[in-house]
>>> print(open('target-v5.cif').read())   # mmCIF, C-alpha atoms
data_query
loop_
_atom_site.label_atom_id
_atom_site.label_comp_id
_atom_site.auth_asym_id
_atom_site.auth_seq_id
_atom_site.Cartn_x
_atom_site.Cartn_y
_atom_site.Cartn_z
CA MET A 1 185.64 115.80 236.38
CA LYS A 2 189.38 116.60 236.41
CA ASN A 3 190.21 113.04 237.53
CA ILE A 4 188.14 111.63 234.66
CA LYS A 5 189.73 113.86 232.01
CA LYS A 6 193.30 112.69 232.78
CA PRO A 7 192.66 108.98 231.99
CA ILE A 8 190.73 109.97 228.87
CA LYS A 9 193.64 112.12 227.67
CA PHE A 10 196.07 109.29 228.40
CA ILE A 11 193.95 106.77 226.48
CA GLY A 12 193.68 109.24 223.61
CA VAL A 13 197.47 109.61 223.44
CA ILE A 14 197.90 105.83 223.43
CA ILE A 15 195.37 105.45 220.61
CA ILE A 16 197.12 108.13 218.54
CA LEU A 17 200.50 106.46 219.08
CA LEU A 18 199.10 103.07 218.07
CA ILE A 19 197.65 104.55 214.88
CA ILE A 20 201.02 106.15 214.08
CA VAL A 21 202.85 102.86 214.61
CA LEU A 22 200.18 100.97 212.68
CA VAL A 23 200.31 103.00 209.48
CA ARG A 24 203.57 104.96 209.65
CA PRO A 25 205.29 105.41 206.26
CA THR A 26 207.84 102.73 205.35
CA TRP A 27 211.00 103.02 203.30
CA THR A 28 214.38 101.39 202.81
CA GLN A 29 217.52 103.17 203.96
CA PRO A 30 219.26 105.29 201.31
CA ILE A 31 222.58 104.28 199.74
CA LYS A 32 225.12 106.96 198.84
CA GLY A 33 226.31 107.17 195.25
CA ASN A 34 225.42 108.91 191.99
CA ASN A 35 224.19 105.69 190.40
CA SER A 36 222.88 103.96 193.52
CA ILE A 37 219.38 102.62 194.03
CA SER A 38 217.38 102.02 197.22
CA THR A 39 213.68 101.66 196.67
CA LEU A 40 210.71 99.94 198.30
CA GLU A 41 207.71 99.77 196.01
CA GLN A 42 204.41 98.04 195.27
CA VAL A 43 204.17 96.79 191.69
CA GLU A 44 201.21 95.15 189.92
CA LEU A 45 202.48 91.94 188.31
CA ASN A 46 200.65 88.81 187.19
CA GLY A 47 197.40 90.05 188.70
CA ASN A 48 198.90 90.69 192.14
CA SER A 49 200.32 93.69 193.99
CA ASN A 50 203.89 92.74 194.90
CA GLU A 51 206.24 94.47 197.34
CA ILE A 52 209.72 94.76 195.84
CA MET A 53 212.89 96.14 197.46
CA ILE A 54 215.87 97.02 195.24
CA ARG A 55 219.19 98.06 196.75
CA GLY A 56 222.67 98.61 195.34
CA LYS A 57 225.54 101.07 195.15
CA ASN A 58 225.65 101.00 191.35
CA LYS A 59 222.70 100.06 189.13
CA ASP A 60 225.16 98.86 186.47
CA ASN A 61 226.33 96.00 188.73
CA PRO A 62 225.07 92.43 188.23
CA VAL A 63 221.60 91.85 189.67
CA ILE A 64 220.68 89.27 192.30
CA LEU A 65 217.04 88.27 192.70
CA PHE A 66 216.35 86.63 196.07
CA VAL A 67 213.36 84.32 196.57
CA HIS A 68 212.47 84.11 200.27
CA GLY A 69 211.55 80.99 202.19
CA GLY A 70 208.76 79.90 204.46
CA PRO A 71 206.41 79.64 202.75
CA GLY A 72 205.36 83.07 203.90
CA THR A 73 208.54 84.33 205.62
CA SER A 74 209.49 87.59 203.96
CA GLU A 75 213.12 88.64 204.31
CA ILE A 76 212.62 92.31 203.41
CA PRO A 77 212.49 93.51 207.06
CA TYR A 78 216.02 92.30 207.80
CA ALA A 79 217.72 91.73 204.43
CA ASP A 80 219.65 95.02 204.31
CA LYS A 81 221.10 94.25 207.75
CA TYR A 82 223.13 91.43 206.21
CA GLN A 83 223.67 92.43 202.59
CA ASP A 84 225.47 95.78 202.86
CA VAL A 85 228.74 94.26 201.60
CA LEU A 86 226.90 92.46 198.81
CA GLU A 87 225.28 95.74 197.75
CA SER A 88 228.70 97.22 196.96
CA LYS A 89 229.18 94.95 193.92
CA PHE A 90 225.65 93.72 193.17
CA THR A 91 222.19 95.21 192.90
CA VAL A 92 220.10 93.10 195.26
CA VAL A 93 216.36 92.55 194.78
CA ASN A 94 214.07 91.09 197.44
CA TYR A 95 210.34 90.70 197.02
CA ASP A 96 207.45 89.51 199.19
CA GLN A 97 205.73 86.60 197.49
CA ARG A 98 201.98 86.58 196.88
CA ALA A 99 200.11 86.33 200.23
CA SER A 100 203.37 86.98 202.14
CA GLY A 101 204.40 90.05 204.14
CA LYS A 102 203.57 93.33 202.45
CA SER A 103 202.21 91.38 199.47
CA TYR A 104 199.41 90.01 201.66
CA HIS A 105 196.22 92.03 201.16
CA PHE A 106 193.36 91.42 203.57
CA PHE A 107 190.51 91.42 201.06
CA ASP A 108 192.21 89.60 198.18
CA ASP A 109 191.12 86.11 197.17
CA TYR A 110 193.98 83.65 197.62
CA SER A 111 191.97 80.50 197.00
CA ASN A 112 194.11 79.78 193.91
CA LEU A 113 197.45 80.09 195.75
CA SER A 114 199.79 77.31 194.61
CA PRO A 115 203.48 76.69 193.88
CA ASP A 116 202.74 76.96 190.15
CA LEU A 117 201.23 80.41 190.66
CA LEU A 118 204.24 81.51 192.73
CA VAL A 119 206.52 80.31 189.93
CA GLU A 120 204.56 82.42 187.43
CA ASP A 121 204.80 85.38 189.83
CA LEU A 122 208.58 84.93 190.06
CA LEU A 123 208.91 84.93 186.28
CA ALA A 124 206.85 88.14 186.18
CA VAL A 125 209.04 89.73 188.88
CA THR A 126 212.12 88.66 186.88
CA ASP A 127 210.80 90.37 183.74
CA TYR A 128 210.02 93.53 185.71
CA VAL A 129 213.46 93.64 187.31
CA THR A 130 215.40 93.03 184.10
CA LYS A 131 213.46 95.76 182.32
CA ARG A 132 213.67 98.15 185.28
CA LEU A 133 217.44 97.74 185.58
CA GLY A 134 218.28 97.23 181.89
CA LYS A 135 219.61 93.68 182.22
CA GLU A 136 219.27 90.64 180.00
CA LYS A 137 219.61 88.19 182.88
CA VAL A 138 219.74 88.12 186.69
CA ILE A 139 221.33 85.76 189.21
CA LEU A 140 218.50 83.79 190.81
CA ILE A 141 218.95 82.84 194.47
CA GLY A 142 216.38 80.79 196.34
CA HIS A 143 216.48 80.32 200.10
CA SER A 144 214.73 77.42 201.84
CA TYR A 145 211.15 77.25 200.46
CA GLY A 146 212.34 79.79 197.91
CA THR A 147 214.43 77.00 196.37
CA TYR A 148 211.23 75.07 195.67
CA ILE A 149 209.88 78.03 193.69
CA GLY A 150 213.20 79.25 192.30
CA MET A 151 214.36 75.93 190.92
CA GLN A 152 211.09 75.43 189.05
CA ALA A 153 211.36 78.94 187.58
CA ALA A 154 214.96 78.26 186.50
CA ASN A 155 213.81 75.01 184.89
CA LYS A 156 210.92 76.71 183.10
CA ALA A 157 212.80 79.76 181.80
CA PRO A 158 216.60 79.25 182.02
CA GLU A 159 217.17 82.02 179.47
CA LYS A 160 216.13 84.60 182.07
CA TYR A 161 218.88 83.69 184.55
CA GLU A 162 222.65 83.79 184.62
CA ALA A 163 222.70 81.01 187.20
CA TYR A 164 220.62 79.33 189.88
CA VAL A 165 221.87 79.36 193.48
CA GLY A 166 220.04 77.30 196.10
CA ILE A 167 220.71 78.17 199.75
CA GLY A 168 219.19 75.81 202.30
CA GLN A 169 218.18 73.78 199.26
CA MET A 170 215.05 71.65 199.47
CA SER A 171 215.22 68.07 198.23
CA ASN A 172 213.46 64.84 199.21
CA ILE A 173 211.36 66.22 202.05
CA LYS A 174 210.67 62.95 203.86
CA GLU A 175 214.37 62.09 203.85
CA SER A 176 215.32 65.62 204.94
CA GLU A 177 212.80 65.62 207.78
CA ILE A 178 214.03 62.28 209.11
CA ASP A 179 217.57 63.74 209.17
CA ASN A 180 216.25 66.83 210.95
CA LEU A 181 214.38 64.73 213.52
CA ASN A 182 217.32 62.44 214.23
CA TYR A 183 219.63 65.42 214.72
CA THR A 184 217.18 67.13 217.08
CA ILE A 185 216.70 63.96 219.14
CA GLU A 186 220.47 63.47 219.39
CA GLN A 187 221.01 67.06 220.54
CA ALA A 188 218.22 66.74 223.10
CA LYS A 189 219.88 63.57 224.43
CA ASN A 190 223.24 65.34 224.67
CA ALA A 191 221.59 68.18 226.57
CA GLY A 192 219.93 65.72 228.97
CA ASN A 193 216.44 66.94 228.06
CA ARG A 194 214.56 63.67 228.52
CA ASP A 195 211.09 65.14 228.00
CA ASP A 196 212.14 66.57 224.63
CA VAL A 197 213.61 63.23 223.60
CA ILE A 198 210.41 61.35 224.47
CA TYR A 199 208.22 63.90 222.69
CA LEU A 200 210.34 63.94 219.53
CA GLN A 201 210.67 60.17 219.39
CA GLY A 202 206.89 59.97 219.52
CA LEU A 203 206.72 61.90 216.23
CA THR A 204 208.91 59.49 214.30
CA GLU A 205 206.22 57.53 212.45
CA ASN A 206 204.26 60.62 211.45
CA ILE A 207 207.40 62.25 210.08
CA LYS A 208 208.51 59.11 208.24
CA ASN A 209 205.07 58.94 206.64
CA GLY A 210 205.29 62.57 205.52
CA GLU A 211 202.36 63.57 207.71
CA MET A 212 204.21 66.33 209.55
CA PHE A 213 207.49 68.21 209.75
CA THR A 214 210.01 68.14 212.58
CA PRO A 215 208.74 70.91 214.91
CA ARG A 216 210.77 73.97 214.00
CA ASN A 217 210.83 75.33 217.55
CA TYR A 218 212.88 72.27 218.53
CA VAL A 219 215.16 72.53 215.51
CA ILE A 220 215.78 76.18 216.42
CA LYS A 221 216.29 75.30 220.09
CA TYR A 222 219.03 72.80 219.26
CA GLY A 223 220.99 74.87 216.74
CA GLY A 224 219.70 73.45 213.48
CA ALA A 225 218.48 76.84 212.21
CA THR A 226 221.22 79.32 213.16
CA ARG A 227 224.61 79.13 214.86
CA LEU A 228 226.18 82.59 214.55
CA ILE A 229 223.10 84.85 214.58
CA ASP A 230 219.68 84.83 216.18
CA ASN A 231 216.99 83.25 214.02
CA PRO A 232 215.73 86.23 211.98
CA ASP A 233 212.37 84.87 210.79
CA GLY A 234 209.25 85.80 212.72
CA ASP A 235 211.00 88.42 214.88
CA ASN A 236 208.06 90.79 215.26
CA ILE A 237 209.98 93.31 217.36
CA GLY A 238 212.86 93.35 214.88
CA MET A 239 210.43 93.86 212.02
CA LEU A 240 208.73 96.73 213.85
CA LEU A 241 212.10 98.41 214.41
CA SER A 242 212.97 98.17 210.72
CA SER A 243 212.13 101.02 208.37
CA GLU A 244 210.55 98.64 205.84
CA TYR A 245 207.67 97.32 207.99
CA ASN A 246 205.09 99.04 210.17
CA LEU A 247 202.64 97.38 212.58
CA LEU A 248 200.07 96.82 209.85
CA ASP A 249 202.74 95.05 207.78
CA ILE A 250 203.54 92.79 210.73
CA ILE A 251 199.88 91.86 210.97
CA ARG A 252 199.96 91.15 207.22
CA TYR A 253 203.09 89.04 207.72
CA ASN A 254 201.54 86.85 210.39
CA CYS A 255 198.23 86.41 208.56
CA GLY A 256 200.06 85.57 205.34
CA LEU A 257 202.43 83.18 207.10
CA THR A 258 199.59 81.15 208.59
CA PHE A 259 197.64 81.05 205.34
CA SER A 260 200.65 80.27 203.14
CA GLN A 261 201.89 77.43 205.32
CA ASN A 262 198.46 75.87 205.65
CA THR A 263 198.01 76.07 201.88
CA LEU A 264 201.44 75.28 200.45
CA LEU A 265 203.34 72.92 202.76
CA LYS A 266 201.47 69.82 201.60
CA ASP A 267 202.95 70.21 198.11
CA LEU A 268 206.45 69.69 199.48
CA THR A 269 205.73 66.10 200.52
CA GLU A 270 203.30 65.28 197.70
CA ASN A 271 205.52 66.74 194.95
CA PRO A 272 209.14 66.95 196.18
CA LEU A 273 211.66 68.69 193.95
CA PRO A 274 213.50 65.52 192.83
CA THR A 275 210.26 64.43 191.12
CA ILE A 276 209.90 67.80 189.33
CA VAL A 277 213.37 69.05 188.36
CA THR A 278 216.37 66.83 187.56
CA LYS A 279 217.95 68.83 184.73
CA LEU A 280 218.80 72.52 184.42
CA GLU A 281 220.12 74.34 181.38
CA LEU A 282 222.16 76.88 183.33
CA PRO A 283 224.90 76.83 186.00
CA VAL A 284 223.67 75.35 189.31
CA TYR A 285 225.10 76.01 192.77
CA PHE A 286 223.93 74.59 196.10
CA ILE A 287 225.16 76.42 199.21
CA MET A 288 224.49 74.58 202.46
CA GLY A 289 225.37 75.29 206.05
CA LYS A 290 227.05 72.32 207.69
CA TYR A 291 224.64 72.47 210.63
CA ASP A 292 221.47 73.04 208.58
CA TYR A 293 218.67 70.85 209.94
CA MET A 294 215.81 72.89 208.57
CA THR A 295 216.76 71.52 205.14
CA SER A 296 219.19 68.65 205.53
CA SER A 297 222.58 68.97 203.81
CA SER A 298 222.79 65.20 203.46
CA ALA A 299 219.52 65.06 201.53
CA ALA A 300 220.56 68.10 199.47
CA ILE A 301 223.80 66.37 198.40
CA LYS A 302 221.87 63.33 197.18
CA TYR A 303 219.58 65.59 195.16
CA PHE A 304 222.56 67.55 193.83
CA ASP A 305 224.09 64.33 192.52
CA MET A 306 220.86 63.60 190.58
CA ILE A 307 220.84 66.91 188.73
CA GLU A 308 222.06 67.14 185.15
CA ALA A 309 223.74 70.46 184.34
CA ASP A 310 226.72 71.56 182.26
CA LYS A 311 228.12 73.30 185.33
CA LYS A 312 227.24 72.55 188.94
CA GLU A 313 228.92 72.95 192.30
CA PHE A 314 228.07 72.07 195.91
CA ILE A 315 229.50 74.50 198.48
CA SER A 316 229.49 73.81 202.22
CA PHE A 317 229.71 76.62 204.77
CA GLU A 318 231.34 75.05 207.79
CA GLU A 319 230.26 77.46 210.54
CA SER A 320 226.60 78.04 209.79
CA ALA A 321 223.22 76.34 209.65
CA HIS A 322 220.19 77.38 207.59
CA TYR A 323 221.26 80.97 206.86
CA PRO A 324 224.88 80.80 205.58
CA GLN A 325 224.37 83.95 203.48
CA PHE A 326 223.75 85.86 206.73
CA GLU A 327 225.75 83.84 209.27
CA GLU A 328 228.90 83.94 207.14
CA GLU A 329 228.07 87.02 205.08
CA GLU A 330 231.70 87.92 204.27
CA LYS A 331 232.39 84.41 202.98
CA PHE A 332 229.17 84.49 200.99
CA TYR A 333 230.10 87.84 199.45
CA GLU A 334 233.57 86.55 198.55
CA TRP A 335 232.06 83.49 196.90
CA MET A 336 229.54 85.58 194.96
CA TYR A 337 232.24 88.04 193.87
CA GLY A 338 234.64 85.28 192.83
CA THR A 339 231.95 83.37 190.96
CA PHE A 340 230.12 86.15 189.13
CA ILE A 341 232.48 89.14 188.89
CA LYS A 342 236.16 88.35 189.32
#
>>> encode(input="target-v5.cif", output="structure tokens")
Amino acid sequence: MKNIKKPIKFIGVIIILLIIVLVRPTWTQPIKGNNSISTLEQVELNGNSNEIMIRGKNKDNPVILFVHGGPGTSEIPYADKYQDVLESKFTVVNYDQRASGKSYHFFDDYSNLSPDLLVEDLLAVTDYVTKRLGKEKVILIGHSYGTYIGMQAANKAPEKYEAYVGIGQMSNIKESEIDNLNYTIEQAKNAGNRDDVIYLQGLTENIKNGEMFTPRNYVIKYGGATRLIDNPDGDNIGMLLSSEYNLLDIIRYNCGLTFSQNTLLKDLTENPLPTIVTKLELPVYFIMGKYDYMTSSSAAIKYFDMIEADKKEFISFEESAHYPQFEEEEKFYEWMYGTFIK
């Protein structure tokens, strides 16, 4: 009997530990200061429960609202790792989009998920944030797929935003994906990886026809996603080690990622941004990493040239790829400070 009890006790301990990891409380790290803010909260907006993280040293500072990419790749689990300098002069807001990350709820009906709905959600989040922080406007920053949502929101309600900033800006998707594929093939050739070259070349027609995207695992492998940091998206271990996500949230993240991508990616090729938004009634900035082959800089420049705006600027970050705001965070902070504060 004694020999049986020991394994049972061991299994019991393991189960208890798994439950603790699964549902442990989550929070965002505190920021010192009498007027600081560091909060992680669920808020009911536009008929959906949204996870919102707000961080900053002084609530009176200008507010940045980040729209994450993917679709479905929340940035809350790692955002504060890269934005500590930014938080000294700005209040930074990140939120998990509907059906993404902590905003994915297992028993909710997402059959109506669409880019239009995500745009409406973003406008609702904007209204909540401006009221919560006592601001008339916020600086809207979209990253990757977040530019697809963010740019449409800026077009629909420019009065809500001080400016629109697109990082890893989406454009003509077919053109961008051809650039991404050609880059990946060239890098595979340079590395002498013949099997990769043959496989990627075999995808050319499908990608040209808009039937698929350049496989992101190959883009990542050949440096088209990050150059100066490890690719932060989908790092389950990193998410688990963050204070903002527990194991249940990671399960939410992965379920939401699969659903969101299966549901939303087709809109990018069927309705690319250049067919939706060509004029913005607010300042427009595109920030692109020189080595970005998740969203091609070359295609982004062509789209930038199409846009009508009283003020617009294209900024290239020479050392980074798809995450210049993280890969060159000091340079990004200096640009933000010089543009919106100094």
>>> closest_residue(input="target-v5.cif", among="A:Gln201, A:Asn182, A:Asn155, A:Thr214", to="Glu308 (chain A)", atoms="only C-alpha atoms")
A:Asn155
>>> atom_distance(input="target-v5.cif", atom1="CA of Val284 (chain A)", atom2="CA of Pro71 (chain A)")
22.3 Å
>>> resolve_selection(input="target-v5.cif", expression="the PyMOL selection byres ((chain A and resi 194-197) around 12)", output="number ranges by chain")
A: 181-193, 198-204, 215, 217-219, 221-222
>>> resolve_selection(input="target-v5.cif", expression="the PyMOL selection byres ((chain A and resi 291) around 8)", output="list in words")
Gly223, Gly224, Ala225, Arg227, Gly289, Lys290, Asp292, Tyr293, Ser297, Glu318, Glu319, Ser320, Ala321 and His322 of chain A
>>> residues_around(input="target-v5.cif", residues="Asp249 (chain A)", least_positions_apart="5", cutoff="12 Å", atoms="only C-alpha atoms", output="VMD selection string")
chain A and resid 21 to 26 51 74 76 to 77 96 99 to 106 236 239 to 244 254 to 257
>>> residues_near_point(input="target-v5.cif", point="(219.3, 101.7, 184.3)", cutoff="12 Å", atoms="all atoms listed in the file", output="list of chain:residue names")
A:Asn35, A:Ser36, A:Ile37, A:Gly56, A:Asn58, A:Lys59, A:Asp60, A:Asn61, A:Pro62, A:Val63, A:Thr91, A:Val129, A:Thr130, A:Lys131, A:Arg132, A:Leu133, A:Gly134, A:Lys135, A:Glu136
>>> resolve_selection(input="target-v5.cif", expression="the PyMOL selection byres ((chain A and resi 45) around 9)", output="short mmCIF file (atom, residue, chain, number, x, y, z; two decimals) with C-alpha atoms, keeping the file's coordinate frame")
data_model
loop_
_atom_site.label_atom_id
_atom_site.label_comp_id
_atom_site.auth_asym_id
_atom_site.auth_seq_id
_atom_site.Cartn_x
_atom_site.Cartn_y
_atom_site.Cartn_z
CA VAL A 43 204.17 96.79 191.69
CA GLU A 44 201.21 95.15 189.92
CA ASN A 46 200.65 88.81 187.19
CA GLY A 47 197.40 90.05 188.70
CA ASN A 48 198.90 90.69 192.14
CA SER A 49 200.32 93.69 193.99
CA ASN A 50 203.89 92.74 194.90
CA ASP A 121 204.80 85.38 189.83
CA ALA A 124 206.85 88.14 186.18
CA VAL A 125 209.04 89.73 188.88
CA TYR A 128 210.02 93.53 185.71
#
>>> axis_aligned_box(input="target-v5.cif", around="region 45-53 of chain A", padding_each_side="4 Å", output="AutoDock Vina command-line options")
--center_x 205.1 --center_y 92.5 --center_z 192.3 --size_x 23.5 --size_y 15.3 --size_z 18.3
>>> residues_around(input="target-v5.cif", residues="region 113-117 of chain A", least_positions_apart="6", cutoff="12 Å", atoms="all atoms listed in the file", output="VMD selection string")
chain A and resid 45 to 48 71 to 72 97 to 100 104 123 to 124 145 to 153 156 256 259 to 268 271 to 273 276
>>> write_last_selection(input="target-v5.cif", atoms="C-alpha atoms", output="PDB file, keeping the file's coordinate frame")
ATOM      1  CA  LEU A  45     202.480  91.940 188.310  1.00  0.00           C
ATOM      2  CA  ASN A  46     200.650  88.810 187.190  1.00  0.00           C
ATOM      3  CA  GLY A  47     197.400  90.050 188.700  1.00  0.00           C
ATOM      4  CA  ASN A  48     198.900  90.690 192.140  1.00  0.00           C
ATOM      5  CA  PRO A  71     206.410  79.640 202.750  1.00  0.00           C
ATOM      6  CA  GLY A  72     205.360  83.070 203.900  1.00  0.00           C
ATOM      7  CA  GLN A  97     205.730  86.600 197.490  1.00  0.00           C
ATOM      8  CA  ARG A  98     201.980  86.580 196.880  1.00  0.00           C
ATOM      9  CA  ALA A  99     200.110  86.330 200.230  1.00  0.00           C
ATOM     10  CA  SER A 100     203.370  86.980 202.140  1.00  0.00           C
ATOM     11  CA  TYR A 104     199.410  90.010 201.660  1.00  0.00           C
ATOM     12  CA  LEU A 123     208.910  84.930 186.280  1.00  0.00           C
ATOM     13  CA  ALA A 124     206.850  88.140 186.180  1.00  0.00           C
ATOM     14  CA  TYR A 145     211.150  77.250 200.460  1.00  0.00           C
ATOM     15  CA  GLY A 146     212.340  79.790 197.910  1.00  0.00           C
ATOM     16  CA  THR A 147     214.430  77.000 196.370  1.00  0.00           C
ATOM     17  CA  TYR A 148     211.230  75.070 195.670  1.00  0.00           C
ATOM     18  CA  ILE A 149     209.880  78.030 193.690  1.00  0.00           C
ATOM     19  CA  GLY A 150     213.200  79.250 192.300  1.00  0.00           C
ATOM     20  CA  MET A 151     214.360  75.930 190.920  1.00  0.00           C
ATOM     21  CA  GLN A 152     211.090  75.430 189.050  1.00  0.00           C
ATOM     22  CA  ALA A 153     211.360  78.940 187.580  1.00  0.00           C
ATOM     23  CA  LYS A 156     210.920  76.710 183.100  1.00  0.00           C
ATOM     24  CA  GLY A 256     200.060  85.570 205.340  1.00  0.00           C
ATOM     25  CA  PHE A 259     197.640  81.050 205.340  1.00  0.00           C
ATOM     26  CA  SER A 260     200.650  80.270 203.140  1.00  0.00           C
ATOM     27  CA  GLN A 261     201.890  77.430 205.320  1.00  0.00           C
ATOM     28  CA  ASN A 262     198.460  75.870 205.650  1.00  0.00           C
ATOM     29  CA  THR A 263     198.010  76.070 201.880  1.00  0.00           C
ATOM     30  CA  LEU A 264     201.440  75.280 200.450  1.00  0.00           C
ATOM     31  CA  LEU A 265     203.340  72.920 202.760  1.00  0.00           C
ATOM     32  CA  LYS A 266     201.470  69.820 201.600  1.00  0.00           C
ATOM     33  CA  ASP A 267     202.950  70.210 198.110  1.00  0.00           C
ATOM     34  CA  LEU A 268     206.450  69.690 199.480  1.00  0.00           C
ATOM     35  CA  ASN A 271     205.520  66.740 194.950  1.00  0.00           C
ATOM     36  CA  PRO A 272     209.140  66.950 196.180  1.00  0.00           C
ATOM     37  CA  LEU A 273     211.660  68.690 193.950  1.00  0.00           C
ATOM     38  CA  ILE A 276     209.900  67.800 189.330  1.00  0.00           C
TER      39      ILE A 276
END
>>> atom_distance(input="target-v5.cif", atom1="CA of Gly338 (chain A)", atom2="CA of Ala309 (chain A)")
20.3 Å
